[in-house]
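Novice: Before we start, here is the structure in question, set down as structure tokens.
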Amino acid sequence: MSTLSVPPTPISPREDAVCLHKAFKGFGCDTATVVNILAHRDAMQRSLIQQEYRVLYSEDLLHRLSKELSGKLENAVLLWMQDPAARDAVVVRQALQSDTLDLRAATEVICSRTPSQIQIFKQIYHSRFGSYLEHDLERHASGDHKKLLLAYVSIQRYEGFEVDRMAAENDAKALYKAGEKRLGTDENTFIRIFSERSRAHLAAVEAAYNSMYGHSLEKAIKKETSGLFEYALLTILRCAENPAKYFAKVLRKAMKGLGTDDTTLIRVIVT
């Protein structure tokens, strides 16, 4: 099927809706046109396209897309059509379903988002799925990993850039005493500091730790913790320092070696 001519920049949501409808007609879907339109529209434009499509054709565009597309393209496009907070809610909900349980994915989304982003997607999560995020985490997570996630989605942390250097040094000392200085690990101290402190503060804690003890806090976390609890702590710390670098590494890992981790690739690129 030949691809419809679609302007690189939108003329109007109505014309985009008409072009999409034409792409759905006939034998097979013109997926190139669908991608060409939707991939070049921002969240507000995509929302207006959905409204116009419903007015023109008395049909929900998302429902039609789910019928016309399949496989990984369907997953990517349907996620892309959501606004950012709704995407997070959908990804976490799918990750916390018993038949598709993926606690690493849920942890990545939760621990890489700001407090305000978490509060918004928690509201959407409850309104759309009729379940509280905390209840689903309680059901599927366990141990220190569960304690950290529950604290992280509940506590309102400061989102500014101001840092009390003395407080950061005190937290670095507390983490050292809770981990490397003692036999065994005081996980509750790690949970308290990582769930209560701002990103800017944690970045300062990392710098202070490195200065005082000669190696990174990340190295200490890897030494003192394991499993999903370690993964959550590292995600919080890395996103506090440089979110773009963190996600670049996630993408690199998803595409490295034989085969591609398409689920991770789609989740990170789309969100």
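To be explicit about the labels: the chains of the structure tokens are called A, B, and onward in the order shown, and within each one the residues are counted from 1, while ligands get numbers from 1 in the order they are shown.
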Give me, as a tab-separated table, each residue of segment 189-225 of chain A that comes within 9 Å of segment 157-164 of chain A, together with its shortest interatomic pair and the distance in Å at one decimal, counting only C-alpha atoms, with rows ordered by chain and rising residue number.
Specialist:
residue	atom	partner	partner_atom	distance
A:Ser195	CA	A:Arg157	CA	7.9
A:Glu196	CA	A:Arg157	CA	5.9
A:Arg197	CA	A:Arg157	CA	6.1
A:Ser198	CA	A:Tyr158	CA	5.2
A:Arg199	CA	A:Glu159	CA	7.1
A:Ala200	CA	A:Phe161	CA	5.5
A:His201	CA	A:Val163	CA	5.5
A:Ala204	CA	A:Val163	CA	7.4
Novice: Write the residues of the selection above to a file with N, CA and C atoms, as a PDB file, in the first residue's frame.
Specialist:
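Wrote selection_0.pdb, looks like this:
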ATOM      1  N   SER A 195      14.437   7.558  50.551  1.00  0.00           N
ATOM      2  CA  SER A 195      13.027   7.871  50.298  1.00  0.00           C
ATOM      3  C   SER A 195      12.636   9.273  50.752  1.00  0.00           C
ATOM      4  N   GLU A 196      13.467   9.894  51.594  1.00  0.00           N
ATOM      5  CA  GLU A 196      13.109  11.197  52.164  1.00  0.00           C
ATOM      6  C   GLU A 196      13.875  12.365  51.562  1.00  0.00           C
ATOM      7  N   ARG A 197      15.030  12.106  50.960  1.00  0.00           N
ATOM      8  CA  ARG A 197      15.885  13.195  50.494  1.00  0.00           C
ATOM      9  C   ARG A 197      15.638  13.542  49.021  1.00  0.00           C
ATOM     10  N   SER A 198      15.878  14.799  48.693  1.00  0.00           N
ATOM     11  CA  SER A 198      15.704  15.261  47.313  1.00  0.00           C
ATOM     12  C   SER A 198      16.816  14.706  46.417  1.00  0.00           C
ATOM     13  N   ARG A 199      16.600  14.819  45.111  1.00  0.00           N
ATOM     14  CA  ARG A 199      17.617  14.380  44.160  1.00  0.00           C
ATOM     15  C   ARG A 199      18.912  15.177  44.337  1.00  0.00           C
ATOM     16  N   ALA A 200      18.776  16.490  44.479  1.00  0.00           N
ATOM     17  CA  ALA A 200      19.962  17.327  44.637  1.00  0.00           C
ATOM     18  C   ALA A 200      20.733  16.945  45.895  1.00  0.00           C
ATOM     19  N   HIS A 201      20.001  16.633  46.963  1.00  0.00           N
ATOM     20  CA  HIS A 201      20.635  16.249  48.221  1.00  0.00           C
ATOM     21  C   HIS A 201      21.364  14.910  48.067  1.00  0.00           C
ATOM     22  N   ALA A 204      24.564  15.262  46.353  1.00  0.00           N
ATOM     23  CA  ALA A 204      25.558  15.823  47.273  1.00  0.00           C
ATOM     24  C   ALA A 204      26.053  14.766  48.254  1.00  0.00           C
TER      25      ALA A 204
END
Novice: Do you know which residues are at most 9 Å from Pro13 of chain A counting only C-alpha atoms, after dropping those on the same chain fewer than 4 positions away, and could you put them as an NGL selection string?
Specialist: :A and (17-18 or 45-53)
Novice: Please run DSSP on the backbone and report, as a PyMOL selection string, all residues within segment 12-198 of chain A that come out as alpha helix (DSSP H).
Specialist: chain A and resi 13-24+31-38+43-57+61-68+71-80+84-95+103-111+115-129+133-140+143-154+165-178+187-196
Novice: With C-alpha atoms kept, could you save the residues just selected as a tab-separated table (two decimals), in the first residue's frame?
Specialist:
chain	number	residue	atom	x	y	z
A	13	PRO	CA	-5.97	17.81	14.30
A	14	ARG	CA	-8.98	17.31	12.03
A	15	GLU	CA	-6.85	16.77	8.94
A	16	ASP	CA	-4.62	14.38	10.90
A	17	ALA	CA	-7.72	12.45	11.98
A	18	VAL	CA	-8.88	12.23	8.36
A	19	CYS	CA	-5.46	10.99	7.20
A	20	LEU	CA	-5.46	8.33	9.94
A	21	HIS	CA	-8.92	7.16	8.93
A	22	LYS	CA	-7.77	6.84	5.30
A	23	ALA	CA	-4.74	4.85	6.50
A	24	PHE	CA	-7.10	2.36	8.17
A	31	THR	CA	1.33	1.70	9.25
A	32	ALA	CA	3.93	4.08	7.79
A	33	THR	CA	1.34	6.85	7.62
A	34	VAL	CA	0.11	6.12	11.16
A	35	VAL	CA	3.66	6.36	12.50
A	36	ASN	CA	4.47	9.41	10.37
A	37	ILE	CA	1.54	11.32	11.87
A	38	LEU	CA	1.56	10.22	15.49
A	43	ALA	CA	0.85	15.08	23.73
A	44	MET	CA	-1.59	17.99	23.28
A	45	GLN	CA	-1.78	17.47	19.52
A	46	ARG	CA	-2.39	13.72	19.93
A	47	SER	CA	-5.18	14.45	22.42
A	48	LEU	CA	-6.85	16.83	19.95
A	49	ILE	CA	-6.52	14.26	17.16
A	50	GLN	CA	-8.31	11.72	19.36
A	51	GLN	CA	-11.13	14.20	20.02
A	52	GLU	CA	-11.54	15.02	16.32
A	53	TYR	CA	-11.48	11.35	15.35
A	54	ARG	CA	-14.33	10.60	17.76
A	55	VAL	CA	-16.37	13.55	16.47
A	56	LEU	CA	-15.83	12.62	12.81
A	57	TYR	CA	-16.18	8.84	12.98
A	61	LEU	CA	-9.04	6.18	18.05
A	62	LEU	CA	-7.20	4.02	20.58
A	63	HIS	CA	-9.70	1.22	20.02
A	64	ARG	CA	-9.25	1.51	16.25
A	65	LEU	CA	-5.45	1.53	16.57
A	66	SER	CA	-5.58	-1.64	18.68
A	67	LYS	CA	-7.59	-3.32	15.89
A	68	GLU	CA	-5.37	-2.12	13.06
A	71	GLY	CA	2.72	-6.84	18.10
A	72	LYS	CA	5.44	-4.46	19.22
A	73	LEU	CA	4.22	-1.60	17.02
A	74	GLU	CA	0.80	-1.79	18.66
A	75	ASN	CA	2.38	-1.75	22.13
A	76	ALA	CA	4.55	1.25	21.27
A	77	VAL	CA	1.84	3.31	19.57
A	78	LEU	CA	-0.81	2.69	22.24
A	79	LEU	CA	1.66	3.73	24.95
A	80	TRP	CA	2.72	6.78	22.93
A	84	PRO	CA	3.16	10.90	30.28
A	85	ALA	CA	1.44	10.26	33.62
A	86	ALA	CA	-1.07	7.86	32.06
A	87	ARG	CA	1.78	6.02	30.34
A	88	ASP	CA	3.52	5.55	33.67
A	89	ALA	CA	0.29	4.26	35.21
A	90	VAL	CA	-0.23	1.78	32.37
A	91	VAL	CA	3.38	0.53	32.43
A	92	VAL	CA	3.39	0.04	36.20
A	93	ARG	CA	-0.04	-1.62	36.16
A	94	GLN	CA	1.11	-4.09	33.49
A	95	ALA	CA	4.31	-4.73	35.45
A	103	LEU	CA	9.14	-5.80	39.29
A	104	ARG	CA	12.26	-4.35	37.66
A	105	ALA	CA	10.10	-2.36	35.22
A	106	ALA	CA	7.83	-1.13	38.01
A	107	THR	CA	10.89	-0.19	40.07
A	108	GLU	CA	12.49	1.67	37.17
A	109	VAL	CA	9.42	3.83	36.56
A	110	ILE	CA	8.76	4.58	40.24
A	111	CYS	CA	12.36	5.28	41.23
A	115	PRO	CA	7.50	13.19	43.64
A	116	SER	CA	5.05	15.34	41.67
A	117	GLN	CA	5.13	12.92	38.72
A	118	ILE	CA	4.49	10.01	41.08
A	119	GLN	CA	1.52	11.72	42.73
A	120	ILE	CA	-0.12	12.41	39.35
A	121	PHE	CA	0.32	8.89	38.00
A	122	LYS	CA	-0.87	7.42	41.31
A	123	GLN	CA	-4.15	9.29	40.89
A	124	ILE	CA	-4.55	8.05	37.31
A	125	TYR	CA	-3.60	4.53	38.40
A	126	HIS	CA	-6.43	4.48	40.93
A	127	SER	CA	-9.05	6.14	38.71
A	128	ARG	CA	-8.30	3.93	35.71
A	129	PHE	CA	-7.71	0.57	37.37
A	133	LEU	CA	-0.70	1.60	43.71
A	134	GLU	CA	0.36	1.00	47.32
A	135	HIS	CA	-1.97	-2.00	47.60
A	136	ASP	CA	-0.54	-3.58	44.44
A	137	LEU	CA	3.02	-2.98	45.61
A	138	GLU	CA	2.12	-4.53	48.97
A	139	ARG	CA	0.77	-7.58	47.15
A	140	HIS	CA	3.60	-8.19	44.70
A	143	GLY	CA	11.13	-7.34	51.98
A	144	ASP	CA	13.27	-4.21	51.94
A	145	HIS	CA	12.44	-3.63	48.27
A	146	LYS	CA	8.76	-3.30	49.19
A	147	LYS	CA	9.52	-1.01	52.14
A	148	LEU	CA	11.55	1.30	49.93
A	149	LEU	CA	8.96	1.47	47.13
A	150	LEU	CA	6.09	2.10	49.53
A	151	ALA	CA	8.02	4.91	51.19
A	152	TYR	CA	9.14	6.34	47.85
A	153	VAL	CA	5.60	6.63	46.41
A	154	SER	CA	4.19	8.10	49.65
A	165	ARG	CA	26.15	20.47	52.64
A	166	MET	CA	26.43	19.67	56.32
A	167	ALA	CA	23.26	17.58	56.21
A	168	ALA	CA	24.58	15.77	53.11
A	169	GLU	CA	27.82	14.94	54.93
A	170	ASN	CA	25.84	13.69	57.93
A	171	ASP	CA	23.79	11.41	55.67
A	172	ALA	CA	26.98	10.11	54.05
A	173	LYS	CA	28.31	9.25	57.53
A	174	ALA	CA	25.03	7.61	58.49
A	175	LEU	CA	25.08	5.44	55.35
A	176	TYR	CA	28.68	4.43	56.00
A	177	LYS	CA	27.83	3.44	59.58
A	178	ALA	CA	24.74	1.56	58.33
A	187	GLU	CA	18.66	-1.39	55.54
A	188	ASN	CA	16.23	0.93	57.33
A	189	THR	CA	18.78	3.77	57.27
A	190	PHE	CA	19.21	3.36	53.52
A	191	ILE	CA	15.42	3.30	53.06
A	192	ARG	CA	14.93	6.42	55.19
A	193	ILE	CA	17.58	8.52	53.46
A	194	PHE	CA	16.79	7.40	49.91
A	195	SER	CA	13.03	7.87	50.30
A	196	GLU	CA	13.11	11.20	52.16
Novice: Atom CA of Arg252 of chain A to atom CA of Arg267 of chain A: how many Å, to one decimal?
Specialist: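 Between these atoms lies a distance of 13.5 Å.
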Novice: What gap, in Å, lies between atom CA of Met255 of chain A and atom CA of Cys239 of chain A?
Specialist: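 Computing the Euclidean distance for atom CA of Met255 of chain A and atom CA of Cys239 of chain A yields 20.4 Å.
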Novice: Segment 216-218 of chain A: which residues within 8 Å, counting only C-alpha atoms, same-chain residues fewer than 2 positions away excluded, as JSON, numbers by chain?
Specialist: {"A": [206, 207, 209, 210, 213, 214, 220, 221, 222, 234, 237]}
Novice: Figure out the distance between atom CA of Ser142 of chain A and atom CA of Arg238 of chain A, please, to one decimal in Å.
Specialist: 22.6 Å
Novice: So which one's closest to Glu241 of chain A, A:Ala203, A:Ile269, A:Leu258, A:Leu228? Using only C-alpha atoms, please.
Specialist: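 Closest to Glu241 of chain A, using only C-alpha atoms: A:Ala203.
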Novice: Between A:Asn242, A:Gln156, A:Glu180, A:Tyr231, single out the one closest to His215 of chain A, counting only C-alpha atoms.
Specialist: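 Answer, going by the shortest atom-to-atom distance: A:Glu180.
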